[in-house]
file run.json (JSON, C-alpha atoms)
[["chain", "number", "residue", "atom", "x", "y", "z"],
["A", 1, "MET", "CA", 29.17, -49.01, 26.73],
["A", 2, "ASN", "CA", 31.78, -48.39, 24.06],
["A", 3, "LYS", "CA", 32.42, -44.74, 23.24],
["A", 4, "GLN", "CA", 33.71, -43.35, 19.97],
["A", 5, "GLN", "CA", 37.09, -41.67, 20.24],
["A", 6, "ASN", "CA", 36.71, -37.86, 20.23],
["A", 7, "PRO", "CA", 38.43, -36.25, 17.20],
["A", 8, "PRO", "CA", 41.00, -33.47, 17.69],
["A", 9, "GLY", "CA", 39.46, -30.12, 18.59],
["A", 10, "CYS", "CA", 36.64, -31.58, 20.70],
["A", 11, "CYS", "CA", 36.33, -31.41, 24.43],
["A", 12, "SER", "CA", 39.36, -32.86, 26.14],
["A", 13, "ASP", "CA", 37.15, -34.74, 28.59],
["A", 14, "PRO", "CA", 36.61, -38.18, 27.08],
["A", 15, "ASP", "CA", 33.28, -38.50, 28.90],
["A", 16, "ILE", "CA", 31.81, -35.47, 27.10],
["A", 17, "PRO", "CA", 30.92, -36.18, 23.45],
["A", 18, "CYS", "CA", 31.50, -33.75, 20.63],
["A", 19, "PRO", "CA", 28.49, -31.53, 19.70],
["A", 20, "ALA", "CA", 26.40, -33.08, 16.95],
["A", 21, "MET", "CA", 26.86, -31.53, 13.52],
["A", 22, "PRO", "CA", 23.84, -29.22, 12.95],
["A", 23, "ASP", "CA", 23.02, -30.25, 9.38],
["A", 24, "SER", "CA", 24.61, -33.60, 8.68],
["A", 25, "ARG", "CA", 25.19, -37.04, 10.12],
["A", 26, "VAL", "CA", 27.91, -39.62, 9.95],
["A", 27, "GLU", "CA", 25.34, -42.35, 9.41],
["A", 28, "PRO", "CA", 22.25, -41.51, 7.33],
["A", 29, "LEU", "CA", 18.84, -42.15, 8.82],
["A", 30, "PRO", "CA", 16.73, -44.90, 7.23],
["A", 31, "TRP", "CA", 14.37, -42.50, 5.39],
["A", 32, "GLN", "CA", 17.19, -40.53, 3.77],
["A", 33, "GLN", "CA", 17.40, -43.08, 0.97],
["A", 34, "PRO", "CA", 14.60, -44.68, -1.04],
["A", 35, "LYS", "CA", 13.98, -48.38, -0.77],
["A", 36, "SER", "CA", 16.74, -50.22, -2.61],
["A", 37, "PRO", "CA", 16.06, -51.96, -5.94],
["A", 38, "GLN", "CA", 17.53, -55.11, -4.44],
["A", 39, "GLU", "CA", 14.56, -55.22, -2.07],
["A", 40, "ASP", "CA", 11.97, -54.10, -4.63],
["A", 41, "PRO", "CA", 12.85, -53.30, -8.28],
["A", 42, "GLU", "CA", 9.70, -51.13, -8.63],
["A", 43, "ALA", "CA", 10.30, -49.07, -5.48],
["A", 44, "ALA", "CA", 12.18, -46.19, -7.14],
["A", 45, "ALA", "CA", 9.45, -45.65, -9.75],
["A", 46, "ARG", "CA", 6.75, -45.75, -7.07],
["A", 47, "VAL", "CA", 8.58, -43.17, -4.94],
["A", 48, "ALA", "CA", 9.05, -40.89, -7.97],
["A", 49, "VAL", "CA", 5.28, -40.88, -8.51],
["A", 50, "LEU", "CA", 4.70, -40.02, -4.85],
["A", 51, "LEU", "CA", 7.17, -37.15, -4.90],
["A", 52, "LYS", "CA", 5.40, -35.60, -7.90],
["A", 53, "SER", "CA", 1.89, -36.00, -6.49],
["A", 54, "PRO", "CA", 0.05, -32.74, -5.56],
["A", 55, "GLY", "CA", -0.56, -33.84, -1.99],
["A", 56, "TYR", "CA", 3.17, -34.20, -1.34],
["A", 57, "ILE", "CA", 4.01, -30.56, -2.18],
["A", 58, "ARG", "CA", 4.57, -28.70, 1.07],
["A", 59, "ALA", "CA", 1.66, -26.33, 1.70],
["A", 60, "ASP", "CA", 3.71, -23.10, 1.79],
["A", 61, "GLN", "CA", 5.31, -24.01, -1.57],
["A", 62, "ASP", "CA", 2.11, -25.14, -3.29],
["A", 63, "ILE", "CA", 0.83, -22.19, -5.35],
["A", 64, "GLU", "CA", -2.18, -24.13, -6.61],
["A", 65, "PHE", "CA", -3.19, -25.01, -3.05],
["A", 66, "LEU", "CA", -2.70, -21.44, -1.85],
["A", 67, "SER", "CA", -4.94, -20.24, -4.69],
["A", 68, "LEU", "CA", -7.91, -22.38, -3.66],
["A", 69, "SER", "CA", -10.97, -20.66, -2.20],
["A", 70, "GLU", "CA", -10.55, -22.90, 0.86],
["A", 71, "SER", "CA", -7.12, -21.32, 1.47],
["A", 72, "ARG", "CA", -8.45, -17.75, 1.58],
["A", 73, "GLY", "CA", -7.83, -17.45, 5.32],
["A", 74, "ALA", "CA", -4.14, -18.20, 4.87],
["A", 75, "ARG", "CA", -3.91, -15.75, 1.97],
["A", 76, "LEU", "CA", -5.55, -13.00, 4.02],
["A", 77, "ALA", "CA", -3.03, -13.54, 6.80],
["A", 78, "LEU", "CA", -0.07, -13.45, 4.40],
["A", 79, "ASP", "CA", -1.51, -10.41, 2.59],
["A", 80, "TYR", "CA", -1.51, -8.57, 5.91],
["A", 81, "GLN", "CA", 1.75, -9.91, 7.28],
["A", 82, "LYS", "CA", 4.19, -9.12, 4.47],
["A", 83, "PRO", "CA", 3.58, -5.33, 4.29],
["A", 84, "GLU", "CA", 3.39, -5.22, 8.09],
["A", 85, "LEU", "CA", 6.81, -6.85, 8.37],
["A", 86, "TYR", "CA", 8.40, -4.46, 5.86],
["A", 87, "LEU", "CA", 6.79, -1.38, 7.41],
["A", 88, "LYS", "CA", 8.16, -2.39, 10.82],
["A", 89, "ARG", "CA", 11.62, -3.01, 9.36],
["A", 90, "HIS", "CA", 11.59, 0.51, 7.94],
["A", 91, "GLY", "CA", 10.45, 1.93, 11.28],
["A", 92, "VAL", "CA", 7.16, 3.26, 9.90],
["A", 93, "ASP", "CA", 4.90, 4.21, 12.80],
["A", 94, "HIS", "CA", 2.92, 7.18, 11.43],
["A", 95, "THR", "CA", 1.60, 8.01, 7.97],
["A", 96, "ILE", "CA", -0.36, 10.63, 6.09],
["A", 97, "VAL", "CA", -2.57, 8.88, 3.53],
["A", 98, "ILE", "CA", -3.35, 10.47, 0.16],
["A", 99, "PHE", "CA", -6.29, 9.45, -2.02],
["A", 100, "GLY", "CA", -7.26, 10.88, -5.41],
["A", 101, "SER", "CA", -7.92, 10.15, -9.04],
["A", 102, "THR", "CA", -5.54, 8.08, -11.13],
["A", 103, "ARG", "CA", -6.68, 10.10, -14.17],
["A", 104, "ILE", "CA", -5.53, 13.55, -13.06],
["A", 105, "CYS", "CA", -2.15, 13.98, -14.74],
["A", 106, "GLU", "CA", 0.44, 16.76, -14.56],
["A", 107, "PRO", "CA", -0.43, 19.97, -16.45],
["A", 108, "ALA", "CA", 1.99, 19.50, -19.36],
["A", 109, "GLU", "CA", 0.64, 16.03, -20.06],
["A", 110, "ALA", "CA", -2.93, 17.32, -19.79],
["A", 111, "GLN", "CA", -2.22, 19.93, -22.46],
["A", 112, "ARG", "CA", -0.58, 17.34, -24.70],
["A", 113, "ARG", "CA", -3.70, 15.18, -24.51],
["A", 114, "ILE", "CA", -5.91, 18.15, -25.38],
["A", 115, "ALA", "CA", -3.79, 18.89, -28.45],
["A", 116, "GLU", "CA", -3.95, 15.24, -29.48],
["A", 117, "ARG", "CA", -7.74, 15.14, -29.19],
["A", 118, "ARG", "CA", -8.17, 18.45, -31.03],
["A", 119, "GLU", "CA", -6.11, 17.11, -33.87],
["A", 120, "ALA", "CA", -8.23, 13.96, -34.01],
["A", 121, "LEU", "CA", -11.45, 15.99, -33.96],
["A", 122, "ALA", "CA", -10.19, 18.30, -36.71],
["A", 123, "ALA", "CA", -9.73, 15.25, -38.91],
["A", 124, "ASP", "CA", -13.28, 14.04, -38.13],
["A", 125, "PRO", "CA", -15.26, 17.10, -36.95],
["A", 126, "GLN", "CA", -18.68, 15.39, -36.92],
["A", 127, "ASN", "CA", -17.61, 12.59, -34.58],
["A", 128, "PRO", "CA", -19.52, 12.97, -31.25],
["A", 129, "GLU", "CA", -17.27, 10.52, -29.44],
["A", 130, "LEU", "CA", -14.18, 12.61, -30.29],
["A", 131, "GLU", "CA", -16.02, 15.72, -29.09],
["A", 132, "ARG", "CA", -16.79, 13.98, -25.80],
["A", 133, "LYS", "CA", -13.17, 12.91, -25.35],
["A", 134, "LEU", "CA", -11.99, 16.47, -25.98],
["A", 135, "ARG", "CA", -14.40, 17.85, -23.35],
["A", 136, "ILE", "CA", -13.15, 15.29, -20.83],
["A", 137, "ALA", "CA", -9.51, 16.12, -21.62],
["A", 138, "GLU", "CA", -10.28, 19.80, -21.03],
["A", 139, "ARG", "CA", -11.91, 19.00, -17.68],
["A", 140, "ILE", "CA", -8.92, 16.92, -16.64],
["A", 141, "ALA", "CA", -6.64, 19.81, -17.63],
["A", 142, "GLU", "CA", -8.62, 22.11, -15.33],
["A", 143, "LYS", "CA", -8.05, 19.67, -12.49],
["A", 144, "SER", "CA", -4.36, 19.13, -13.29],
["A", 145, "LYS", "CA", -3.58, 21.87, -10.77],
["A", 146, "PHE", "CA", -4.31, 19.24, -8.13],
["A", 147, "TYR", "CA", -1.34, 17.21, -9.41],
["A", 148, "ASP", "CA", 0.91, 20.14, -8.56],
["A", 149, "ILE", "CA", -0.78, 20.60, -5.17],
["A", 150, "ALA", "CA", -0.37, 16.92, -4.31],
["A", 151, "ARG", "CA", 3.28, 17.01, -5.37],
["A", 152, "GLU", "CA", 3.93, 20.10, -3.27],
["A", 153, "PHE", "CA", 2.21, 18.49, -0.31],
["A", 154, "GLY", "CA", 4.39, 15.41, -0.77],
["A", 155, "ARG", "CA", 7.44, 17.66, -0.53],
["A", 156, "ILE", "CA", 6.13, 19.25, 2.67],
["A", 157, "VAL", "CA", 5.47, 15.88, 4.27],
["A", 158, "GLY", "CA", 8.85, 14.61, 3.12],
["A", 159, "GLU", "CA", 10.72, 17.58, 4.55],
["A", 160, "SER", "CA", 8.75, 17.62, 7.78],
["A", 161, "GLY", "CA", 8.60, 13.92, 8.45],
["A", 162, "SER", "CA", 12.27, 13.13, 8.86],
["A", 163, "ASP", "CA", 14.53, 13.54, 11.86],
["A", 164, "SER", "CA", 17.95, 12.37, 12.98],
["A", 165, "GLN", "CA", 16.55, 8.91, 13.75],
["A", 166, "GLY", "CA", 14.98, 8.40, 10.33],
["A", 167, "SER", "CA", 11.36, 9.00, 9.37],
["A", 168, "ARG", "CA", 8.80, 10.22, 11.89],
["A", 169, "VAL", "CA", 5.83, 10.40, 9.51],
["A", 170, "LEU", "CA", 5.71, 9.04, 5.97],
["A", 171, "LEU", "CA", 3.38, 9.68, 3.08],
["A", 172, "MET", "CA", 1.32, 6.68, 1.93],
["A", 173, "THR", "CA", -0.68, 6.32, -1.29],
["A", 174, "GLY", "CA", -2.40, 3.61, -3.28],
["A", 175, "GLY", "CA", 0.73, 3.39, -5.42],
["A", 176, "GLY", "CA", -0.90, 4.22, -8.74],
["A", 177, "PRO", "CA", -0.65, 7.11, -11.22],
["A", 178, "GLY", "CA", -2.32, 10.53, -11.08],
["A", 179, "ILE", "CA", -2.69, 12.14, -7.66],
["A", 180, "MET", "CA", -0.98, 9.21, -5.94],
["A", 181, "GLU", "CA", 2.01, 9.52, -8.26],
["A", 182, "ALA", "CA", 2.19, 13.25, -7.60],
["A", 183, "ALA", "CA", 2.29, 12.78, -3.83],
["A", 184, "ASN", "CA", 4.97, 10.04, -3.96],
["A", 185, "ARG", "CA", 6.89, 12.18, -6.45],
["A", 186, "GLY", "CA", 6.89, 15.15, -4.11],
["A", 187, "ALA", "CA", 8.40, 13.08, -1.31],
["A", 188, "SER", "CA", 10.96, 11.69, -3.76],
["A", 189, "ASP", "CA", 11.84, 15.25, -4.84],
["A", 190, "VAL", "CA", 13.25, 15.94, -1.37],
["A", 191, "GLY", "CA", 14.82, 12.52, -0.88],
["A", 192, "ALA", "CA", 12.20, 11.28, 1.56],
["A", 193, "LYS", "CA", 10.75, 7.79, 1.80],
["A", 194, "SER", "CA", 7.14, 7.16, 0.83],
["A", 195, "ILE", "CA", 4.85, 4.14, 0.65],
["A", 196, "GLY", "CA", 2.67, 2.72, -2.13],
["A", 197, "LEU", "CA", 0.01, 0.04, -1.68],
["A", 198, "ASN", "CA", -0.97, -1.32, -5.09],
["A", 199, "ILE", "CA", -3.94, -3.67, -5.33],
["A", 200, "SER", "CA", -4.03, -6.80, -7.49],
["A", 201, "LEU", "CA", -6.51, -6.35, -10.34],
["A", 202, "PRO", "CA", -7.58, -8.56, -13.26],
["A", 203, "HIS", "CA", -5.67, -6.36, -15.72],
["A", 204, "GLU", "CA", -1.99, -5.48, -15.78],
["A", 205, "GLN", "CA", -0.83, -2.47, -13.79],
["A", 206, "PHE", "CA", 2.38, -0.83, -12.67],
["A", 207, "PRO", "CA", 3.30, 1.11, -9.54],
["A", 208, "ASN", "CA", 4.27, 4.72, -10.04],
["A", 209, "PRO", "CA", 8.05, 5.16, -10.23],
["A", 210, "TYR", "CA", 8.44, 7.47, -7.21],
["A", 211, "ILE", "CA", 7.68, 5.01, -4.39],
["A", 212, "THR", "CA", 10.58, 3.96, -2.16],
["A", 213, "PRO", "CA", 11.90, 0.46, -3.02],
["A", 214, "GLY", "CA", 11.09, -1.83, -0.12],
["A", 215, "LEU", "CA", 7.96, 0.20, 0.65],
["A", 216, "CYS", "CA", 6.09, -0.62, -2.58],
["A", 217, "PHE", "CA", 3.60, -3.43, -2.05],
["A", 218, "SER", "CA", 1.14, -5.44, -4.12],
["A", 219, "VAL", "CA", -1.83, -6.43, -1.97],
["A", 220, "ARG", "CA", -4.41, -8.99, -3.07],
["A", 221, "TYR", "CA", -7.42, -8.00, -0.97],
["A", 222, "PHE", "CA", -9.05, -4.58, -0.78],
["A", 223, "ALA", "CA", -9.89, -5.26, 2.87],
["A", 224, "ILE", "CA", -6.24, -5.76, 3.79],
["A", 225, "ARG", "CA", -5.22, -2.68, 1.79],
["A", 226, "LYS", "CA", -7.80, -0.60, 3.66],
["A", 227, "LEU", "CA", -6.49, -1.97, 6.94],
["A", 228, "HIS", "CA", -2.91, -0.92, 6.14],
["A", 229, "PHE", "CA", -4.09, 2.50, 4.97],
["A", 230, "LEU", "CA", -5.57, 3.26, 8.37],
["A", 231, "LEU", "CA", -3.46, 1.32, 10.88],
["A", 232, "ARG", "CA", -0.81, 4.05, 11.04],
["A", 233, "ALA", "CA", -2.76, 6.96, 9.55],
["A", 234, "ARG", "CA", -2.43, 10.27, 11.37],
["A", 235, "ALA", "CA", -4.22, 12.24, 8.63],
["A", 236, "LEU", "CA", -6.24, 11.55, 5.48],
["A", 237, "VAL", "CA", -6.00, 13.93, 2.50],
["A", 238, "VAL", "CA", -8.53, 13.34, -0.27],
["A", 239, "PHE", "CA", -8.16, 14.95, -3.69],
["A", 240, "PRO", "CA", -10.82, 14.86, -6.43],
["A", 241, "GLY", "CA", -11.40, 11.31, -7.58],
["A", 242, "GLY", "CA", -13.88, 8.68, -8.64],
["A", 243, "PHE", "CA", -15.39, 5.54, -7.15],
["A", 244, "GLY", "CA", -12.20, 4.35, -5.45],
["A", 245, "THR", "CA", -11.56, 7.72, -3.85],
["A", 246, "LEU", "CA", -15.17, 8.01, -2.68],
["A", 247, "ASP", "CA", -14.99, 4.47, -1.32],
["A", 248, "GLU", "CA", -11.93, 5.19, 0.81],
["A", 249, "LEU", "CA", -13.36, 8.53, 1.98],
["A", 250, "THR", "CA", -16.73, 7.17, 3.06],
["A", 251, "ASP", "CA", -15.14, 4.11, 4.67],
["A", 252, "THR", "CA", -12.92, 6.33, 6.80],
["A", 253, "LEU", "CA", -15.74, 8.72, 7.67],
["A", 254, "THR", "CA", -17.89, 5.78, 8.79],
["A", 255, "LEU", "CA", -15.12, 4.34, 10.94],
["A", 256, "VAL", "CA", -14.55, 7.70, 12.63],
["A", 257, "GLN", "CA", -18.28, 8.42, 12.94],
["A", 258, "THR", "CA", -18.79, 5.12, 14.77],
["A", 259, "ARG", "CA", -15.53, 5.58, 16.72],
["A", 260, "THR", "CA", -14.35, 2.24, 15.44],
["A", 261, "ILE", "CA", -11.02, 4.02, 14.92],
["A", 262, "ASP", "CA", -9.69, 7.06, 16.72],
["A", 263, "PRO", "CA", -10.65, 10.35, 15.05],
["A", 264, "LEU", "CA", -8.07, 11.76, 12.65],
["A", 265, "PRO", "CA", -7.95, 14.87, 10.45],
["A", 266, "ILE", "CA", -9.72, 14.37, 7.11],
["A", 267, "VAL", "CA", -9.07, 17.06, 4.49],
["A", 268, "LEU", "CA", -10.96, 17.32, 1.20],
["A", 269, "VAL", "CA", -8.93, 19.23, -1.38],
["A", 270, "GLY", "CA", -10.90, 21.32, -3.88],
["A", 271, "LYS", "CA", -14.13, 22.61, -2.32],
["A", 272, "GLU", "CA", -15.82, 23.28, -5.67],
["A", 273, "PHE", "CA", -15.36, 19.69, -6.80],
["A", 274, "TRP", "CA", -16.42, 18.16, -3.49],
["A", 275, "HIS", "CA", -19.54, 20.30, -3.16],
["A", 276, "ARG", "CA", -20.88, 18.57, -6.27],
["A", 277, "ALA", "CA", -19.44, 15.08, -5.73],
["A", 278, "PHE", "CA", -20.29, 14.75, -2.04],
["A", 279, "ASP", "CA", -22.99, 16.79, -0.28],
["A", 280, "PRO", "CA", -22.94, 16.18, 3.50],
["A", 281, "ASP", "CA", -25.17, 19.21, 4.13],
["A", 282, "PHE", "CA", -27.89, 17.44, 2.15],
["A", 283, "LEU", "CA", -27.37, 14.34, 4.28],
["A", 284, "VAL", "CA", -27.71, 16.43, 7.46],
["A", 285, "ASP", "CA", -30.89, 18.09, 6.16],
["A", 286, "GLU", "CA", -32.30, 14.68, 5.26],
["A", 287, "GLY", "CA", -31.60, 13.45, 8.77],
["A", 288, "VAL", "CA", -29.42, 10.52, 7.73],
["A", 289, "ILE", "CA", -26.29, 11.88, 9.47],
["A", 290, "ASP", "CA", -25.95, 14.19, 12.48],
["A", 291, "ILE", "CA", -24.68, 17.76, 12.45],
["A", 292, "GLU", "CA", -21.56, 16.68, 14.36],
["A", 293, "ASP", "CA", -20.76, 14.22, 11.55],
["A", 294, "ARG", "CA", -20.46, 17.17, 9.18],
["A", 295, "ASP", "CA", -17.52, 18.33, 11.28],
["A", 296, "LEU", "CA", -15.46, 15.19, 10.74],
["A", 297, "PHE", "CA", -13.67, 16.87, 7.79],
["A", 298, "TRP", "CA", -12.89, 20.24, 6.23],
["A", 299, "TYR", "CA", -11.80, 21.71, 2.89],
["A", 300, "ALA", "CA", -8.45, 23.07, 1.69],
["A", 301, "GLU", "CA", -7.18, 24.51, -1.59],
["A", 302, "THR", "CA", -3.38, 24.56, -1.29],
["A", 303, "ALA", "CA", -0.63, 22.33, 0.05],
["A", 304, "GLU", "CA", 0.15, 24.79, 2.84],
["A", 305, "GLU", "CA", -3.52, 24.94, 3.84],
["A", 306, "ILE", "CA", -3.63, 21.16, 4.05],
["A", 307, "TRP", "CA", -0.50, 21.02, 6.16],
["A", 308, "ASN", "CA", -1.42, 23.87, 8.48],
["A", 309, "GLY", "CA", -4.87, 22.41, 9.02],
["A", 310, "ILE", "CA", -3.45, 19.02, 9.95],
["A", 311, "ARG", "CA", -0.99, 20.64, 12.37],
["A", 312, "ALA", "CA", -3.76, 22.72, 13.94],
["A", 313, "TRP", "CA", -5.96, 19.65, 14.39],
["A", 314, "HIS", "CA", -3.15, 17.70, 16.04],
["A", 315, "GLY", "CA", -2.29, 20.72, 18.15],
["A", 316, "GLN", "CA", -5.77, 20.56, 19.64],
["A", 317, "ALA", "CA", -5.45, 16.79, 20.04],
["A", 318, "GLY", "CA", -2.08, 17.12, 21.80],
["A", 319, "THR", "CA", -0.15, 15.27, 19.09],
["A", 320, "LYS", "CA", 1.24, 18.21, 17.12],
["A", 321, "GLY", "CA", 4.84, 17.06, 17.66],
["A", 322, "LEU", "CA", 4.49, 14.41, 14.97],
["A", 323, "PHE", "CA", 4.12, 17.12, 12.35],
["A", 324, "GLU", "CA", 6.62, 19.72, 13.47],
["A", 325, "ARG", "CA", 9.29, 20.62, 10.95],
["A", 326, "ASP", "CA", 12.85, 20.09, 12.13],
["A", 327, "ASN", "CA", 15.01, 23.18, 12.25]]
call {"tool": "encode", "arguments": {"input": "run.json", "output": "structure tokens"}}
result
Amino acid sequence: MNKQQNPPGCCSDPDIPCPAMPDSRVEPLPWQQPKSPQEDPEAAARVAVLLKSPGYIRADQDIEFLSLSESRGARLALDYQKPELYLKRHGVDHTIVIFGSTRICEPAEAQRRIAERREALAADPQNPELERKLRIAERIAEKSKFYDIAREFGRIVGESGSDSQGSRVLLMTGGGPGIMEAANRGASDVGAKSIGLNISLPHEQFPNPYITPGLCFSVRYFAIRKLHFLLRARALVVFPGGFGTLDELTDTLTLVQTRTIDPLPIVLVGKEFWHRAFDPDFLVDEGVIDIEDRDLFWYAETAEEIWNGIRAWHGQAGTKGLFERDN
């Protein structure tokens, strides 16, 4: 058998061939060129049609294919995998998850909105809709204290969750405005990382500006978002909120009640609000939950109360070290 002469720089042994080039060849393979026009003048046009046909687009590059209902399984897997990959790259093992209303703004903004609505009502004093909007603005202003509490708690978590190796426990929110913004903002105030899990909705939305770049995600499916909320959760802190907040709270309570997940501290912030929005004592009296289920959570009013309660709970569970402040 004739052997090609080895070029300079290859192995000196003439019986050992040079390593093949990893991404090129001396002689092209037959399929690297379309059929020549000498063989078939129409071949090039036929191949061009094939290359543009929907079936020829590689599956992972075909957005239309990935959007089909039949491709939902693949989308679910990707929806889970991308945040999981980034969280692992950032070394995120433990989180404290914050839920709460997107409508509760910081106190100064709440007062500005009240002034704006009073001015509108003064110009049209008999308008019942303007009266209603003013009452709502005043109620939001009363709850704006929770923005400050969430921001202070974010600072506490940020200061307590870092060590010489990076971040031991990070704050995680749904990535939106209101209470979630306040919590991410508090962590940002002290230079700590924090996570935001936005959800894709039919209308345009933006993440709050205080989430750490690289830890801000847009998730398509609520189910996958819920999964990421709880996979690393070592505490759940729930501020006053609406349907979304209640959804996440009752989901987590159900998972702990059924021991589908390990128990974790669940703190409801603002006892007065929660006594009206969610009445577990009524559920106990009605016999639809057990007395022990009432003890799956407790109330707190300040950032320090939240933090101390979480530490006390983990102290009893033997995992307090995750939440110790570094000296």
call {"tool": "atom_distance", "arguments": {"input": "run.json", "atom1": "CA of Glu142 (chain A)", "atom2": "CA of Ile104 (chain A)"}}
result
9.4 Å
call {"tool": "residues_around", "arguments": {"input": "run.json", "residues": "Ala108 (chain A)", "least_positions_apart": "3", "cutoff": "9 Å", "atoms": "all atoms listed in the file", "output": "list of chain:residue names"}}
result
A:Cys105, A:Gln111, A:Arg112, A:Arg113, A:Ala141, A:Ser144
call {"tool": "write_last_selection", "arguments": {"input": "run.json", "atoms": "C-alpha atoms", "output": "short mmCIF file (atom, residue, chain, number, x, y, z; two decimals), in the frame of the given file"}}
result
data_model
loop_
_atom_site.label_atom_id
_atom_site.label_comp_id
_atom_site.auth_asym_id
_atom_site.auth_seq_id
_atom_site.Cartn_x
_atom_site.Cartn_y
_atom_site.Cartn_z
CA CYS A 105 -2.15 13.98 -14.74
CA GLN A 111 -2.22 19.93 -22.46
CA ARG A 112 -0.58 17.34 -24.70
CA ARG A 113 -3.70 15.18 -24.51
CA ALA A 141 -6.64 19.81 -17.63
CA SER A 144 -4.36 19.13 -13.29
#
call {"tool": "closest_residue", "arguments": {"input": "run.json", "among": "A:Val157, A:Ala137, A:Val219, A:Ala45", "to": "Arg75 (chain A)", "atoms": "all atoms listed in the file"}}
result
A:Val219
call {"tool": "closest_residue", "arguments": {"input": "run.json", "among": "A:Ile266, A:Leu171, A:Ile57, A:Val26", "to": "Asp251 (chain A)", "atoms": "only C-alpha atoms"}}
result
A:Ile266
call {"tool": "atom_distance", "arguments": {"input": "run.json", "atom1": "CA of Leu121 (chain A)", "atom2": "CA of Arg103 (chain A)"}}
result
21.2 Å
call {"tool": "residues_around", "arguments": {"input": "run.json", "residues": "Leu170 (chain A)", "least_positions_apart": "5", "cutoff": "12 Å", "atoms": "only C-alpha atoms", "output": "ChimeraX atom specification"}}
result
/A:87,90-98,153-163,183-184,186-188,191-196,211-212,215,229,232-235,322-323
call {"tool": "residues_around", "arguments": {"input": "run.json", "residues": "Asp281 (chain A)", "least_positions_apart": "5", "cutoff": "12 Å", "atoms": "only C-alpha atoms", "output": "PyMOL selection string"}}
result
chain A and resi 274-276+286-295
call {"tool": "atom_distance", "arguments": {"input": "run.json", "atom1": "CA of Gln257 (chain A)", "atom2": "CA of Trp298 (chain A)"}}
result
14.6 Å
call {"tool": "residues_near_point", "arguments": {"input": "run.json", "point": "(-2.4, -8.7, -7.7)", "cutoff": "8 Å", "atoms": "only C-alpha atoms", "output": "ChimeraX atom specification"}}
result
/A:198-202,218-220
call {"tool": "residues_near_point", "arguments": {"input": "run.json", "point": "(-9.1, 10.2, -7.6)", "cutoff": "6 Å", "atoms": "only C-alpha atoms", "output": "list in words"}}
result
Gly100, Ser101, Thr102, Pro240, Gly241, Gly242 and Thr245 of chain A
call {"tool": "residues_around", "arguments": {"input": "run.json", "residues": "Lys145 (chain A)", "least_positions_apart": "5", "cutoff": "12 Å", "atoms": "only C-alpha atoms", "output": "ChimeraX atom specification"}}
result
/A:104-111,139-140,150-152,178-179,182,239-240,269-270,301-303
call {"tool": "residues_around", "arguments": {"input": "run.json", "residues": "Leu134 (chain A)", "least_positions_apart": "5", "cutoff": "7 Å", "atoms": "all atoms listed in the file", "output": "list in words"}}
result
Ile114, Arg117 and Arg118 of chain A
call {"tool": "write_last_selection", "arguments": {"input": "run.json", "atoms": "C-alpha atoms", "output": "PDB file, in the frame of the given file"}}
result
ATOM      1  CA  ILE A 114      -5.910  18.150 -25.380  1.00  0.00           C
ATOM      2  CA  ARG A 117      -7.740  15.140 -29.190  1.00  0.00           C
ATOM      3  CA  ARG A 118      -8.170  18.450 -31.030  1.00  0.00           C
TER       4      ARG A 118
END
call {"tool": "closest_residue", "arguments": {"input": "run.json", "among": "A:Asp189, A:Ile306, A:Pro34, A:Ser24", "to": "Leu50 (chain A)", "atoms": "all atoms listed in the file"}}
result
A:Pro34
call {"tool": "closest_residue", "arguments": {"input": "run.json", "among": "A:Val47, A:Ile310, A:Gly176, A:Glu131", "to": "Glu119 (chain A)", "atoms": "all atoms listed in the file"}}
result
A:Glu131
call {"tool": "closest_residue", "arguments": {"input": "run.json", "among": "A:Tyr80, A:Phe146, A:Trp313, A:Phe282", "to": "Phe222 (chain A)", "atoms": "all atoms listed in the file"}}
result
A:Tyr80
